[in-house]
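Participant: Shown below is the structure under consideration.
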Amino acid sequence: MPGAVLALEVVGAAVALGLLAFYLAIVGRGVVTVVLAAALVTMLLLVTFDLDRPTRGVIRVPDTPLTNLRASMELPPTAKAPTGQ
C-alpha cells in the first residue's frame, strides 16, 4: 500500500476521533467512550500497518501457498500434443 494511502488513513482516523471527542464534549458524555474508540481505531491501524509489511512485524504471512502454486505451474504437460496425420 502506498505511503500516501496509509497517511490518509491515519489522518482520517484522527479527524474522526477528534469529531467524536468534540461531539461527546458538547453532549457532556464521559471520556471513557472516546478512549475506547481511540483504542479500537489504534488497534485497527496497527493491524493494517502490520499486514502491509508481511516480512516484518507481529503478524507473519507465510509464502508456502504461493510457492506451491508456482511449483504446480511449472510441471510438464500431462498429455502430448496431437500429431498431424
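Chain identifiers are assigned as A, B, and so on, following the order in which chains appear in the C-alpha cells; residues are numbered from 1 within each chain, and ligands are numbered from 1 in order of appearance.
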Do you know which residues are at most 6 Å from segment 34-48 of chain A counting only C-alpha atoms, after dropping those on the same chain fewer than 3 positions away, and could you put them as a PyMOL selection string?
Facilitator: chain A and resi 21+31+51
Participant: Could you tell me how far atom CA of Arg53 of chain A sits from atom CA of Thr67 of chain A, in Å to one decimal place?
Facilitator: 18.7 Å
Participant: Which of chain A end up as helix (DSSP H, G or I) when DSSP is run on this backbone - answer as a VMD selection string?
Facilitator: chain A and resid 3 to 27 32 to 52 64 to 73
Participant: Output C-alpha atoms for every residue in the selection just made, as a compact mmCIF listing (two decimals), in the first residue's frame.
Facilitator:
# COMPACT_ATOMS: atom_id res chain seq x y z
CA GLY A 3 2.57 5.66 1.96
CA ALA A 4 0.09 8.35 0.93
CA VAL A 5 -2.81 5.95 1.45
CA LEU A 6 -1.55 4.98 4.89
CA ALA A 7 -1.09 8.65 5.79
CA LEU A 8 -4.63 9.40 4.60
CA GLU A 9 -5.91 6.55 6.77
CA VAL A 10 -4.14 7.93 9.84
CA VAL A 11 -5.34 11.49 9.17
CA GLY A 12 -8.90 10.26 8.59
CA ALA A 13 -8.85 8.29 11.84
CA ALA A 14 -7.51 11.32 13.74
CA VAL A 15 -10.20 13.59 12.31
CA ALA A 16 -12.94 11.05 13.08
CA LEU A 17 -11.75 10.63 16.67
CA GLY A 18 -11.44 14.40 17.06
CA LEU A 19 -15.01 14.91 15.86
CA LEU A 20 -16.23 12.15 18.18
CA ALA A 21 -14.45 13.75 21.13
CA PHE A 22 -15.85 17.16 20.20
CA TYR A 23 -19.39 15.83 19.93
CA LEU A 24 -19.19 13.95 23.22
CA ALA A 25 -17.76 17.06 24.92
CA ILE A 26 -20.72 19.11 23.71
CA VAL A 27 -23.23 16.46 24.81
CA VAL A 32 -14.43 6.57 28.53
CA THR A 33 -16.23 6.36 25.17
CA VAL A 34 -13.55 8.37 23.40
CA VAL A 35 -10.76 6.33 24.98
CA LEU A 36 -12.40 3.05 23.93
CA ALA A 37 -12.97 4.32 20.39
CA ALA A 38 -9.36 5.56 20.22
CA ALA A 39 -8.08 2.17 21.38
CA LEU A 40 -10.18 0.36 18.78
CA VAL A 41 -9.05 2.66 15.96
CA THR A 42 -5.42 2.35 17.11
CA MET A 43 -5.62 -1.44 17.04
CA LEU A 44 -7.14 -1.36 13.55
CA LEU A 45 -4.38 0.95 12.32
CA LEU A 46 -1.69 -1.26 13.85
CA VAL A 47 -3.12 -4.37 12.19
CA THR A 48 -3.32 -2.52 8.86
CA PHE A 49 0.30 -1.37 9.10
CA ASP A 50 1.47 -4.80 10.21
CA LEU A 51 -0.31 -6.65 7.39
CA ASP A 52 1.03 -4.14 4.88
CA THR A 64 4.03 -21.55 1.24
CA PRO A 65 0.71 -21.43 -0.71
CA LEU A 66 2.25 -19.17 -3.37
CA THR A 67 5.36 -21.34 -3.60
CA ASN A 68 3.23 -24.48 -4.03
CA LEU A 69 1.11 -22.81 -6.70
CA ARG A 70 4.18 -21.73 -8.64
CA ALA A 71 5.63 -25.23 -8.42
CA SER A 72 2.39 -26.70 -9.78
CA MET A 73 2.50 -24.29 -12.74
Participant: Can you work out the spacing between atom CA of Thr55 of chain A and atom CA of Glu74 of chain A in Å, to one decimal?
Facilitator: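 Spanning atom CA of Thr55 of chain A to atom CA of Glu74 of chain A is a straight-line distance of 25.5 Å.
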